[in-house]
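With mmCIF, C-alpha atoms inside, this is entry-v5.cif:
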data_final
loop_
_atom_site.label_atom_id
_atom_site.label_comp_id
_atom_site.auth_asym_id
_atom_site.auth_seq_id
_atom_site.Cartn_x
_atom_site.Cartn_y
_atom_site.Cartn_z
CA MET A 82 0.00 0.00 0.00
CA ASN A 83 1.40 3.43 -0.92
CA VAL A 84 1.49 6.33 1.55
CA SER A 85 -1.64 7.98 0.16
CA ASP A 86 -3.69 4.79 0.44
CA HIS A 87 -2.26 4.11 3.91
CA MET A 88 -3.27 7.55 5.22
CA GLN A 89 -6.75 7.27 3.66
CA ALA A 90 -7.17 3.91 5.40
CA LEU A 91 -6.07 5.38 8.74
CA GLY A 92 -8.48 8.28 8.28
CA LEU A 93 -11.42 5.96 7.66
CA GLN A 94 -10.47 3.78 10.64
CA ALA A 95 -10.23 6.80 12.94
CA LYS A 96 -13.53 8.26 11.71
CA THR A 97 -15.29 4.96 12.32
CA ALA A 98 -13.76 4.65 15.80
CA SER A 99 -14.70 8.24 16.69
CA ALA A 100 -18.41 7.39 16.56
CA LEU A 101 -17.87 4.59 19.09
CA MET A 102 -15.69 6.77 21.31
CA ALA A 103 -18.28 9.56 21.34
CA LYS A 104 -20.88 7.30 22.96
CA ALA A 105 -18.51 5.45 25.32
CA SER A 106 -19.37 5.79 29.02
CA ALA A 107 -17.19 7.69 31.44
CA ALA A 108 -16.53 4.48 33.37
CA VAL A 109 -15.20 2.66 30.31
CA LYS A 110 -12.97 5.57 29.24
CA ASN A 111 -11.60 5.88 32.78
CA GLN A 112 -10.88 2.15 32.90
CA ALA A 113 -8.86 2.44 29.68
CA LEU A 114 -6.82 5.27 31.25
CA ARG A 115 -6.14 3.24 34.40
CA ASN A 116 -5.18 0.26 32.22
CA LEU A 117 -2.70 2.46 30.38
CA ALA A 118 -1.15 3.73 33.62
CA GLN A 119 -0.63 0.13 34.79
CA LEU A 120 0.85 -0.93 31.47
CA LEU A 121 3.31 1.98 31.45
CA ARG A 122 4.58 1.10 34.92
CA ALA A 123 4.83 -2.58 34.06
CA ASN A 124 6.88 -1.95 30.92
CA VAL A 125 9.47 0.63 31.99
CA GLN A 126 12.45 -1.55 31.09
CA SER A 127 11.19 -2.60 27.66
CA LEU A 128 10.17 0.99 26.85
CA GLN A 129 13.65 2.20 27.77
CA ALA A 130 15.21 -0.50 25.61
CA ASP A 131 13.25 0.73 22.58
CA ASN A 132 14.03 4.33 23.49
CA ALA A 133 17.74 3.48 23.65
CA LYS A 134 17.61 2.49 19.96
CA ASP A 135 16.17 5.88 19.07
CA LEU A 136 18.73 7.71 21.23
CA ALA A 137 21.65 5.85 19.66
CA ARG A 138 20.42 6.55 16.14
CA ALA A 139 19.74 10.22 16.96
CA SER A 140 23.18 10.64 18.50
CA ASP A 141 24.83 9.09 15.44
CA ALA A 142 22.82 11.46 13.25
CA GLY A 143 24.24 14.44 15.14
CA LEU A 144 21.08 15.70 16.87
CA ASP A 145 21.88 18.54 19.26
CA ALA A 146 21.67 18.28 23.05
CA PRO A 147 18.20 19.90 23.47
CA MET A 148 16.71 17.48 20.92
CA LEU A 149 18.35 14.47 22.56
CA ASP A 150 17.05 15.63 25.95
CA ARG A 151 13.51 15.81 24.56
CA LEU A 152 13.87 12.31 23.12
CA LYS A 153 14.71 10.59 26.43
CA LEU A 154 12.10 8.30 27.93
CA THR A 155 13.35 8.12 31.52
CA PRO A 156 11.58 6.30 34.38
CA LYS A 157 10.54 9.73 35.68
CA VAL A 158 9.01 10.68 32.33
CA ILE A 159 7.15 7.35 32.15
CA GLU A 160 5.86 7.77 35.71
CA THR A 161 4.65 11.30 34.92
CA CYS A 162 2.75 9.88 31.95
CA ALA A 163 1.17 7.21 34.16
CA GLN A 164 0.19 9.81 36.75
CA GLY A 165 -1.31 11.94 34.00
CA CYS A 166 -3.51 9.04 32.92
CA GLU A 167 -4.68 8.53 36.51
CA GLN A 168 -5.27 12.25 36.99
CA LEU A 169 -7.43 12.29 33.88
CA ALA A 170 -9.36 9.20 35.01
CA ALA A 171 -10.16 10.92 38.31
CA MET A 172 -11.48 14.05 36.62
CA PRO A 173 -15.16 14.61 35.85
CA ASP A 174 -16.33 13.67 32.37
CA VAL A 175 -17.22 16.89 30.54
CA ILE A 176 -18.84 15.13 27.58
CA GLY A 177 -22.57 15.78 27.58
CA GLU A 178 -22.23 18.69 29.98
CA ILE A 179 -24.92 21.35 29.35
CA ILE A 180 -24.13 24.98 30.04
CA GLY A 181 -25.89 28.34 29.76
CA MET A 182 -29.45 27.00 29.57
CA LYS A 183 -31.81 30.00 29.35
CA GLN A 184 -35.53 30.39 28.88
CA GLN A 185 -36.51 32.48 25.87
CA PRO A 186 -39.68 34.61 25.46
CA SER A 187 -40.98 32.08 22.92
CA GLY A 188 -40.99 29.36 25.59
CA ILE A 189 -38.01 27.39 24.26
CA ARG A 190 -34.94 26.81 26.43
CA VAL A 191 -31.57 27.28 24.70
CA GLY A 192 -28.18 26.07 25.95
CA GLN A 193 -24.98 24.41 24.79
CA MET A 194 -23.77 20.83 25.12
CA ARG A 195 -20.12 19.82 25.16
CA VAL A 196 -19.37 17.08 22.62
CA PRO A 197 -16.23 15.35 21.29
CA ILE A 198 -14.51 17.15 18.43
CA GLY A 199 -14.36 13.91 16.39
CA VAL A 200 -10.88 13.11 15.07
CA PHE A 201 -7.70 15.08 15.63
CA GLY A 202 -4.43 14.59 13.85
CA MET A 203 -1.24 15.32 15.72
CA ILE A 204 2.21 15.86 14.22
CA PHE A 205 5.03 16.09 16.73
CA GLU A 206 8.80 15.88 17.01
CA SER A 207 11.19 14.26 19.47
CA ARG A 208 9.18 13.83 22.65
CA PRO A 209 7.81 10.24 22.72
CA ASN A 210 5.81 11.02 25.89
CA VAL A 211 3.54 13.11 23.65
CA THR A 212 2.18 9.80 22.32
CA ILE A 213 0.77 9.06 25.78
CA GLU A 214 -0.38 12.62 26.47
CA ALA A 215 -2.26 12.71 23.16
CA ALA A 216 -3.69 9.21 23.58
CA SER A 217 -4.87 9.80 27.15
CA LEU A 218 -6.60 13.07 26.28
CA SER A 219 -8.12 11.43 23.22
CA ILE A 220 -9.59 8.67 25.37
CA LYS A 221 -10.93 11.00 28.09
CA SER A 222 -12.49 13.42 25.60
CA GLY A 223 -14.16 10.65 23.59
CA THR A 224 -12.30 11.50 20.41
CA ALA A 225 -10.18 9.44 18.02
CA CYS A 226 -6.74 10.52 16.88
CA ILE A 227 -4.05 9.85 14.31
CA LEU A 228 -0.54 10.46 15.63
CA ARG A 229 2.51 11.11 13.48
CA GLY A 230 5.67 11.34 15.60
CA GLY A 231 9.13 12.25 14.42
CA SER A 232 11.28 9.63 12.71
CA GLU A 233 13.88 10.06 15.48
CA ALA A 234 11.42 8.55 18.03
CA ILE A 235 9.81 5.87 15.87
CA GLU A 236 10.78 2.84 18.01
CA SER A 237 9.66 4.55 21.25
CA ASN A 238 6.39 5.68 19.70
CA LYS A 239 5.60 2.23 18.32
CA ALA A 240 6.19 0.66 21.73
CA LEU A 241 3.99 3.24 23.48
CA ALA A 242 1.23 2.99 20.87
CA LYS A 243 1.15 -0.78 21.33
CA LEU A 244 0.42 -0.27 25.04
CA VAL A 245 -2.31 2.25 24.22
CA THR A 246 -4.00 -0.24 21.88
CA GLN A 247 -3.88 -2.92 24.56
CA ALA A 248 -5.38 -0.55 27.15
CA LEU A 249 -8.23 0.37 24.78
CA VAL A 250 -9.07 -3.21 23.82
CA ASP A 251 -8.93 -4.44 27.43
CA ALA A 252 -11.49 -1.77 28.35
CA GLY A 253 -13.79 -2.67 25.45
CA LEU A 254 -13.01 0.39 23.33
CA PRO A 255 -12.07 0.28 19.62
CA ALA A 256 -8.41 -0.45 18.92
CA ASP A 257 -8.46 2.14 16.14
CA ALA A 258 -9.34 5.02 18.49
CA VAL A 259 -5.63 5.90 18.72
CA LEU A 260 -3.62 5.25 15.56
CA LEU A 261 0.08 5.79 15.04
CA VAL A 262 1.40 6.46 11.54
CA GLN A 263 3.95 3.68 11.25
CA THR A 264 5.87 5.09 8.29
CA THR A 265 8.57 7.75 8.64
CA ASP A 266 7.94 8.93 5.08
CA ARG A 267 7.39 12.70 5.22
CA GLU A 268 4.73 12.39 2.55
CA ALA A 269 2.40 11.09 5.28
CA VAL A 270 2.25 14.52 6.90
CA GLY A 271 1.05 16.13 3.68
CA HIS A 272 -1.83 13.67 3.46
CA LEU A 273 -2.78 13.90 7.16
CA ILE A 274 -3.22 17.68 7.02
CA ALA A 275 -5.34 17.48 3.87
CA MET A 276 -8.09 15.01 4.87
CA PRO A 277 -11.01 17.18 6.10
CA GLN A 278 -13.36 14.30 5.34
CA PHE A 279 -11.71 12.34 8.17
CA VAL A 280 -9.80 14.80 10.38
CA ASP A 281 -11.47 17.68 12.24
CA VAL A 282 -8.43 19.51 13.60
CA ILE A 283 -4.63 19.28 13.29
CA ILE A 284 -2.30 19.92 16.23
CA PRO A 285 1.37 20.38 15.30
CA ARG A 286 3.88 20.23 18.15
CA GLY A 287 7.50 20.82 17.30
CA GLY A 288 9.91 23.34 15.85
CA LYS A 289 8.92 26.62 14.26
CA GLY A 290 9.65 25.33 10.75
CA LEU A 291 7.29 22.37 11.16
CA ILE A 292 4.47 24.48 12.56
CA GLU A 293 4.83 27.16 9.89
CA ARG A 294 4.64 24.48 7.20
CA ILE A 295 1.54 22.87 8.72
CA SER A 296 -0.19 26.25 9.13
CA ARG A 297 0.58 27.14 5.53
CA GLU A 298 -0.42 23.87 3.87
CA ALA A 299 -3.20 22.42 6.04
CA LYS A 300 -6.71 22.07 4.66
CA VAL A 301 -7.93 21.32 8.18
CA PRO A 302 -8.17 23.83 11.10
CA VAL A 303 -4.90 24.05 13.09
CA ILE A 304 -4.32 24.59 16.84
CA LYS A 305 -0.75 25.83 17.20
CA HIS A 306 2.00 27.86 18.76
CA LEU A 307 5.09 28.77 16.78
CA ASP A 308 7.58 29.19 19.60
CA GLY A 309 7.98 29.95 23.30
CA ASN A 310 9.77 33.24 23.89
CA CYS A 311 8.69 33.47 27.54
CA HIS A 312 9.50 36.41 29.82
CA THR A 313 10.03 36.88 33.54
CA TYR A 314 9.75 40.49 34.73
CA VAL A 315 11.34 41.38 38.09
CA ASP A 316 9.32 44.32 39.38
CA ASP A 317 10.08 47.16 41.79
CA PRO A 318 9.13 46.35 44.53
CA CYS A 319 9.76 42.62 44.83
CA ASP A 320 11.12 40.03 47.25
CA ILE A 321 14.69 39.82 45.90
CA ASP A 322 15.46 36.36 47.27
CA MET A 323 12.21 34.95 45.91
CA ALA A 324 12.85 36.62 42.56
CA VAL A 325 16.29 35.00 42.33
CA THR A 326 14.85 31.57 43.15
CA VAL A 327 12.03 31.87 40.61
CA ALA A 328 14.15 33.40 37.84
CA ASP A 329 16.69 30.61 38.33
CA ASN A 330 14.04 27.88 38.10
CA ALA A 331 12.30 29.50 35.14
CA LYS A 332 15.53 29.43 33.12
CA THR A 333 17.59 26.50 34.39
CA GLN A 334 15.23 23.81 35.74
CA LYS A 335 15.23 22.51 32.17
CA PHE A 336 16.51 24.39 29.13
CA SER A 337 14.66 22.62 26.30
CA PRO A 338 10.93 23.13 27.03
CA CYS A 339 8.89 25.86 25.37
CA ASN A 340 7.88 27.27 28.78
CA ALA A 341 11.43 28.00 29.94
CA THR A 342 12.10 31.73 30.38
CA GLU A 343 14.18 33.12 27.51
CA SER A 344 14.10 36.84 28.41
CA LEU A 345 14.59 38.40 31.83
CA LEU A 346 13.34 41.96 32.32
CA VAL A 347 14.43 43.80 35.44
CA ALA A 348 13.04 47.06 36.83
CA HIS A 349 15.70 49.77 37.13
CA GLY A 350 14.91 50.27 40.82
CA VAL A 351 15.99 46.72 41.80
CA ALA A 352 18.58 46.01 39.10
CA GLN A 353 21.67 46.91 41.17
CA VAL A 354 20.64 44.43 43.89
CA PHE A 355 18.97 41.69 41.84
CA LEU A 356 21.23 41.31 38.82
CA PRO A 357 24.49 40.45 40.65
CA LYS A 358 22.62 37.73 42.58
CA ILE A 359 20.95 36.10 39.57
CA GLY A 360 24.10 36.66 37.51
CA ALA A 361 26.12 34.60 40.00
CA VAL A 362 23.56 31.80 39.78
CA TYR A 363 23.54 31.80 35.98
CA ALA A 364 27.34 31.98 35.84
CA ALA A 365 27.64 28.94 38.11
CA LYS A 366 25.27 27.01 35.83
CA GLY A 367 26.98 28.02 32.59
CA VAL A 368 24.19 30.25 31.29
CA GLU A 369 25.28 32.80 28.71
CA MET A 370 23.74 36.25 29.30
CA ARG A 371 22.97 38.52 26.33
CA CYS A 372 22.49 41.93 27.83
CA CYS A 373 21.40 45.49 27.22
CA PRO A 374 24.19 48.03 28.06
CA VAL A 375 22.84 48.76 31.56
CA ALA A 376 22.51 45.10 32.48
CA LYS A 377 25.94 44.29 31.07
CA ALA A 378 27.57 47.06 33.14
CA ILE A 379 26.02 45.71 36.34
CA LEU A 380 26.75 42.06 35.56
CA SER A 381 30.37 42.73 34.59
CA GLN A 382 31.24 42.58 38.30
CA VAL A 383 30.06 38.93 38.51
CA PRO A 384 33.02 36.49 38.44
CA GLY A 385 32.84 34.00 35.58
CA ALA A 386 29.80 35.59 33.96
CA GLN A 387 29.47 34.86 30.22
CA LEU A 388 28.29 38.20 28.86
CA LYS A 389 27.45 39.32 25.34
CA ASP A 390 25.75 42.37 23.89
CA ALA A 391 22.13 41.62 23.04
CA SER A 392 21.11 42.18 19.44
CA GLU A 393 17.61 43.20 18.36
CA GLN A 394 16.97 39.56 17.35
CA ASP A 395 17.82 38.35 20.86
CA TRP A 396 14.66 39.94 22.23
CA PHE A 397 12.63 37.72 19.85
CA GLU A 398 14.67 34.55 20.35
CA GLU A 399 13.58 31.17 21.72
CA TYR A 400 16.95 29.66 22.70
CA LEU A 401 15.98 26.27 24.18
CA ALA A 402 19.53 26.35 25.52
CA PRO A 403 21.59 27.82 28.42
CA ILE A 404 21.25 31.36 27.05
CA VAL A 405 19.10 34.18 28.39
CA SER A 406 18.54 37.75 27.21
CA ILE A 407 18.49 40.38 29.98
CA LYS A 408 17.17 43.92 29.80
CA VAL A 409 16.83 46.64 32.44
CA VAL A 410 13.53 48.52 31.99
CA ALA A 411 12.23 51.70 33.61
CA GLY A 412 9.31 49.88 35.22
CA LEU A 413 6.00 48.12 34.63
CA ASP A 414 4.87 50.13 31.58
CA GLU A 415 8.06 49.45 29.65
CA ALA A 416 8.03 45.78 30.69
CA ILE A 417 4.47 45.25 29.40
CA ALA A 418 5.21 47.11 26.16
CA HIS A 419 8.40 45.08 25.60
CA ILE A 420 6.64 41.76 26.22
CA ASN A 421 3.67 42.51 23.97
CA HIS A 422 6.05 43.54 21.17
CA TYR A 423 8.68 40.79 21.36
CA SER A 424 7.04 37.77 22.99
CA SER A 425 5.48 34.81 21.20
CA HIS A 426 2.40 35.18 23.46
CA HIS A 427 3.12 31.91 25.25
CA THR A 428 3.85 32.52 28.95
CA GLU A 429 4.96 35.56 30.95
CA ALA A 430 5.53 36.10 34.69
CA ILE A 431 5.83 39.08 37.02
CA LEU A 432 7.66 38.86 40.34
CA THR A 433 6.29 41.64 42.52
CA ARG A 434 5.05 42.81 45.91
CA ASP A 435 2.69 45.36 44.37
CA HIS A 436 -0.87 44.07 44.03
CA MET A 437 -1.89 46.74 41.53
CA HIS A 438 1.17 46.01 39.37
CA ALA A 439 0.22 42.32 39.40
CA GLN A 440 -3.36 43.13 38.37
CA ARG A 441 -2.23 45.36 35.50
CA PHE A 442 0.28 42.77 34.30
CA MET A 443 -2.40 40.04 34.22
CA ARG A 444 -4.88 42.27 32.38
CA GLU A 445 -2.56 43.92 29.88
CA VAL A 446 -0.03 41.24 28.89
CA ASP A 447 -1.36 39.51 25.77
CA SER A 448 -0.22 35.92 26.28
CA SER A 449 -1.91 32.55 26.74
CA SER A 450 -0.60 32.17 30.32
CA VAL A 451 0.23 35.07 32.65
CA MET A 452 1.70 34.39 36.09
CA VAL A 453 2.31 36.28 39.32
CA ASN A 454 5.23 35.23 41.56
CA ALA A 455 5.65 31.83 39.92
CA SER A 456 8.01 30.16 37.45
CA THR A 457 7.03 30.08 33.79
CA ARG A 458 7.91 26.35 33.90
CA PHE A 459 4.45 25.76 35.41
CA ALA A 460 2.80 26.47 32.02
CA ASP A 461 1.97 22.84 31.44
CA GLY A 462 -1.22 20.80 31.26
CA PHE A 463 -0.14 18.38 33.99
CA GLU A 464 0.84 21.22 36.36
CA TYR A 465 -2.43 23.04 35.60
CA GLY A 466 -4.40 20.00 36.71
CA LEU A 467 -5.55 19.10 33.19
CA GLY A 468 -4.10 15.59 33.53
CA ALA A 469 -2.06 16.10 30.39
CA GLU A 470 -1.92 18.48 27.47
CA ILE A 471 -2.07 18.07 23.74
CA GLY A 472 0.07 21.17 23.33
CA ILE A 473 0.01 24.87 24.14
CA SER A 474 -2.03 27.12 21.90
CA THR A 475 -1.17 30.77 21.35
CA ASP A 476 -4.18 31.17 19.07
CA LYS A 477 -7.12 33.21 20.34
CA PHE A 478 -10.01 31.04 19.23
CA HIS A 479 -11.44 27.80 20.63
CA ALA A 480 -8.40 26.78 22.69
CA ARG A 481 -5.73 29.00 24.28
CA GLY A 482 -2.87 28.01 26.59
CA PRO A 483 -2.35 24.35 27.56
CA VAL A 484 -4.93 22.34 25.60
CA GLY A 485 -6.58 19.68 27.76
CA ILE A 486 -9.88 17.82 27.56
CA GLU A 487 -12.03 20.86 26.79
CA GLY A 488 -9.72 21.85 23.94
CA LEU A 489 -10.60 18.56 22.23
CA THR A 490 -14.31 19.18 22.51
CA SER A 491 -16.80 21.44 20.79
CA LEU A 492 -20.04 23.08 21.89
CA LYS A 493 -23.28 22.61 20.03
CA TYR A 494 -26.51 24.43 20.74
CA ILE A 495 -29.39 22.42 22.12
CA VAL A 496 -32.99 23.62 22.25
CA LEU A 497 -35.66 22.16 24.53
CA GLY A 498 -39.28 22.82 23.80
CA GLN A 499 -42.83 21.65 24.51
CA GLY A 500 -44.36 22.02 21.09
CA GLU A 501 -43.49 25.71 20.52
CA VAL A 502 -43.76 27.03 16.96
CA ARG A 503 -42.35 30.27 15.57
CA SER A 504 -44.91 32.94 14.80
#

How would this structure read if it were set down as structure tokens?
Amino acid sequence: MNVSDHMQALGLQAKTASALMAKASAAVKNQALRNLAQLLRANVQSLQADNAKDLARASDAGLDAPMLDRLKLTPKVIETCAQGCEQLAAMPDVIGEIIGMKQQPSGIRVGQMRVPIGVFGMIFESRPNVTIEAASLSIKSGTACILRGGSEAIESNKALAKLVTQALVDAGLPADAVLLVQTTDREAVGHLIAMPQFVDVIIPRGGKGLIERISREAKVPVIKHLDGNCHTYVDDPCDIDMAVTVADNAKTQKFSPCNATESLLVAHGVAQVFLPKIGAVYAAKGVEMRCCPVAKAILSQVPGAQLKDASEQDWFEEYLAPIVSIKVVAGLDEAIAHINHYSSHHTEAILTRDHMHAQRFMREVDSSSVMVNASTRFADGFEYGLGAEIGISTDKFHARGPVGIEGLTSLKYIVLGQGEVRS
């Protein structure tokens, strides 16, 4: 079977399975999620063995450190996936939920019901754990999905998908509810994003180049974010020690995720005290600092600091590496203006003691997640209590921020009457 025929077959299988998933009971879907959690924990060693094949091949191919880090399927990553499945199983089932029911003058009652979106296609790179996040959200939301992971993670994804199929079948759900594209042929992506007769929405998750291509060529609606240029703004006034702790975590807890802080903005009033402290932390951890002239002058006193002059492009940059851009700003107004101009509208944080500053920051910063006195690394479906996430959307329609169960559903109007007719 050629790639075109293969993708058409997958589309038909997923569409057929979606009708069965849409009417599945909450108890059955939750059982499938608990089955999957058990299977993940029972197969840690075999999953790591398959992952090791992918890692060895990726290393030989010269993949850079951030990509290799994303590719690792460690026991901790597997356990987080299992916990995500259990968290989802414990959550209320939103399918069939009716909201906003109102009586109209005509006598009819009008509201909206939450229903599964149908079939989503997901195209992702590197992270094999996305297979489980996507599958678990698909199951909980009563949708079907077609997953196309990167060729660098093919062995890991096949092993994980096999466990998903087993969990579905053991719970009495259709095996085709979660389908993995088994070929690494890039032609498969072109077909997946051009099958509106089978696929209701496409979710790309990967590098900017991939997402730009999908957005440009898709014939199906796309939920996306292009990159994660996240900001942490250290306000005047703030708790300096807390600000150092949070700014450190936001940048260095892990360099490769899209929610890691890439730009640090510091109010002029606290810069002389704050910057030497955070500069020492970054220097000790090997973080290169690309600075405005004021920040560079202050940080030049820090022993071992790796300092460079920031270019205009640095303010736009998503590094995914031990690099951070640092700018001293006059205060809140300049910080908000800078963020709204340069950010990718992903996640921004303010560290402050001023309640009014915090309120203004939350209202005026135009990003999908806005935080007060917390690390940007919390911008994650699991940390938000969504169980898992299908990705983070910086779009402004349907789904915004971490996309969980509700992001994979739609609302339809329902009307209840007792024989009313329109006059």

Of the listed residues A:Glu398, A:Met452, A:Val375, A:Ser474, that which approaches Gln440 in chain A most closely, counting all atoms listed in the file: A:Met452

Where does the PyMOL selection byres ((chain A and resi 287-297) around 12) land in this file, that is, which residues does it pick, as a ChimeraX atom specification? /A:147-148,151,202-209,211,229-231,267,270-275,282-286,298-310,337-339,398-401,425,471-474,476

Write to file, as a PDB file, in the coordinates of the input, the residues of the selection just made, with C-alpha atoms.
ATOM      1  CA  PRO A 147      18.200  19.900  23.470  1.00  0.00           C
ATOM      2  CA  MET A 148      16.710  17.480  20.920  1.00  0.00           C
ATOM      3  CA  ARG A 151      13.510  15.810  24.560  1.00  0.00           C
ATOM      4  CA  GLY A 202      -4.430  14.590  13.850  1.00  0.00           C
ATOM      5  CA  MET A 203      -1.240  15.320  15.720  1.00  0.00           C
ATOM      6  CA  ILE A 204       2.210  15.860  14.220  1.00  0.00           C
ATOM      7  CA  PHE A 205       5.030  16.090  16.730  1.00  0.00           C
ATOM      8  CA  GLU A 206       8.800  15.880  17.010  1.00  0.00           C
ATOM      9  CA  SER A 207      11.190  14.260  19.470  1.00  0.00           C
ATOM     10  CA  ARG A 208       9.180  13.830  22.650  1.00  0.00           C
ATOM     11  CA  PRO A 209       7.810  10.240  22.720  1.00  0.00           C
ATOM     12  CA  VAL A 211       3.540  13.110  23.650  1.00  0.00           C
ATOM     13  CA  ARG A 229       2.510  11.110  13.480  1.00  0.00           C
ATOM     14  CA  GLY A 230       5.670  11.340  15.600  1.00  0.00           C
ATOM     15  CA  GLY A 231       9.130  12.250  14.420  1.00  0.00           C
ATOM     16  CA  ARG A 267       7.390  12.700   5.220  1.00  0.00           C
ATOM     17  CA  VAL A 270       2.250  14.520   6.900  1.00  0.00           C
ATOM     18  CA  GLY A 271       1.050  16.130   3.680  1.00  0.00           C
ATOM     19  CA  HIS A 272      -1.830  13.670   3.460  1.00  0.00           C
ATOM     20  CA  LEU A 273      -2.780  13.900   7.160  1.00  0.00           C
ATOM     21  CA  ILE A 274      -3.220  17.680   7.020  1.00  0.00           C
ATOM     22  CA  ALA A 275      -5.340  17.480   3.870  1.00  0.00           C
ATOM     23  CA  VAL A 282      -8.430  19.510  13.600  1.00  0.00           C
ATOM     24  CA  ILE A 283      -4.630  19.280  13.290  1.00  0.00           C
ATOM     25  CA  ILE A 284      -2.300  19.920  16.230  1.00  0.00           C
ATOM     26  CA  PRO A 285       1.370  20.380  15.300  1.00  0.00           C
ATOM     27  CA  ARG A 286       3.880  20.230  18.150  1.00  0.00           C
ATOM     28  CA  GLU A 298      -0.420  23.870   3.870  1.00  0.00           C
ATOM     29  CA  ALA A 299      -3.200  22.420   6.040  1.00  0.00           C
ATOM     30  CA  LYS A 300      -6.710  22.070   4.660  1.00  0.00           C
ATOM     31  CA  VAL A 301      -7.930  21.320   8.180  1.00  0.00           C
ATOM     32  CA  PRO A 302      -8.170  23.830  11.100  1.00  0.00           C
ATOM     33  CA  VAL A 303      -4.900  24.050  13.090  1.00  0.00           C
ATOM     34  CA  ILE A 304      -4.320  24.590  16.840  1.00  0.00           C
ATOM     35  CA  LYS A 305      -0.750  25.830  17.200  1.00  0.00           C
ATOM     36  CA  HIS A 306       2.000  27.860  18.760  1.00  0.00           C
ATOM     37  CA  LEU A 307       5.090  28.770  16.780  1.00  0.00           C
ATOM     38  CA  ASP A 308       7.580  29.190  19.600  1.00  0.00           C
ATOM     39  CA  GLY A 309       7.980  29.950  23.300  1.00  0.00           C
ATOM     40  CA  ASN A 310       9.770  33.240  23.890  1.00  0.00           C
ATOM     41  CA  SER A 337      14.660  22.620  26.300  1.00  0.00           C
ATOM     42  CA  PRO A 338      10.930  23.130  27.030  1.00  0.00           C
ATOM     43  CA  CYS A 339       8.890  25.860  25.370  1.00  0.00           C
ATOM     44  CA  GLU A 398      14.670  34.550  20.350  1.00  0.00           C
ATOM     45  CA  GLU A 399      13.580  31.170  21.720  1.00  0.00           C
ATOM     46  CA  TYR A 400      16.950  29.660  22.700  1.00  0.00           C
ATOM     47  CA  LEU A 401      15.980  26.270  24.180  1.00  0.00           C
ATOM     48  CA  SER A 425       5.480  34.810  21.200  1.00  0.00           C
ATOM     49  CA  ILE A 471      -2.070  18.070  23.740  1.00  0.00           C
ATOM     50  CA  GLY A 472       0.070  21.170  23.330  1.00  0.00           C
ATOM     51  CA  ILE A 473       0.010  24.870  24.140  1.00  0.00           C
ATOM     52  CA  SER A 474      -2.030  27.120  21.900  1.00  0.00           C
ATOM     53  CA  ASP A 476      -4.180  31.170  19.070  1.00  0.00           C
TER      54      ASP A 476
END

Would you mind reading off the distance between CA of Leu489 in chain A and CA of Ser222 in chain A, one decimal, in Å?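 Separation between CA of Leu489 in chain A and CA of Ser222 in chain A: 6.4 Å.
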
For range 426-434 of chain A: contacts at 6 Å, only C-alpha atoms, fewer than 4 positions along chain excluded, given as a compact mmCIF listing (two decimals) with C-alpha atoms, in the coordinates of the input:
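Output file part05.txt follows:
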# COMPACT_ATOMS: atom_id res chain seq x y z
CA GLY A 309 7.98 29.95 23.30
CA CYS A 311 8.69 33.47 27.54
CA HIS A 312 9.50 36.41 29.82
CA THR A 313 10.03 36.88 33.54
CA TYR A 314 9.75 40.49 34.73
CA VAL A 315 11.34 41.38 38.09
CA ASP A 316 9.32 44.32 39.38
CA PRO A 318 9.13 46.35 44.53
CA CYS A 319 9.76 42.62 44.83
CA SER A 448 -0.22 35.92 26.28
CA SER A 449 -1.91 32.55 26.74
CA SER A 450 -0.60 32.17 30.32
CA VAL A 451 0.23 35.07 32.65
CA MET A 452 1.70 34.39 36.09
CA VAL A 453 2.31 36.28 39.32
CA ASN A 454 5.23 35.23 41.56
CA THR A 475 -1.17 30.77 21.35

To one decimal place in Å, what is the distance between CA of Leu241 in chain A and CA of His479 in chain A?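 Distance between the two atoms: 29.1 Å.
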
Report, in Å with one decimal, the straight-line distance from CA of Lys332 in chain A to CA of Val409 in chain A. 17.3 Å

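Across A:Lys493, A:Arg458, A:Arg195, A:Arg481, the tightest approach to Ala331 in chain A is made by A:Arg458 when counting all atoms listed in the file.
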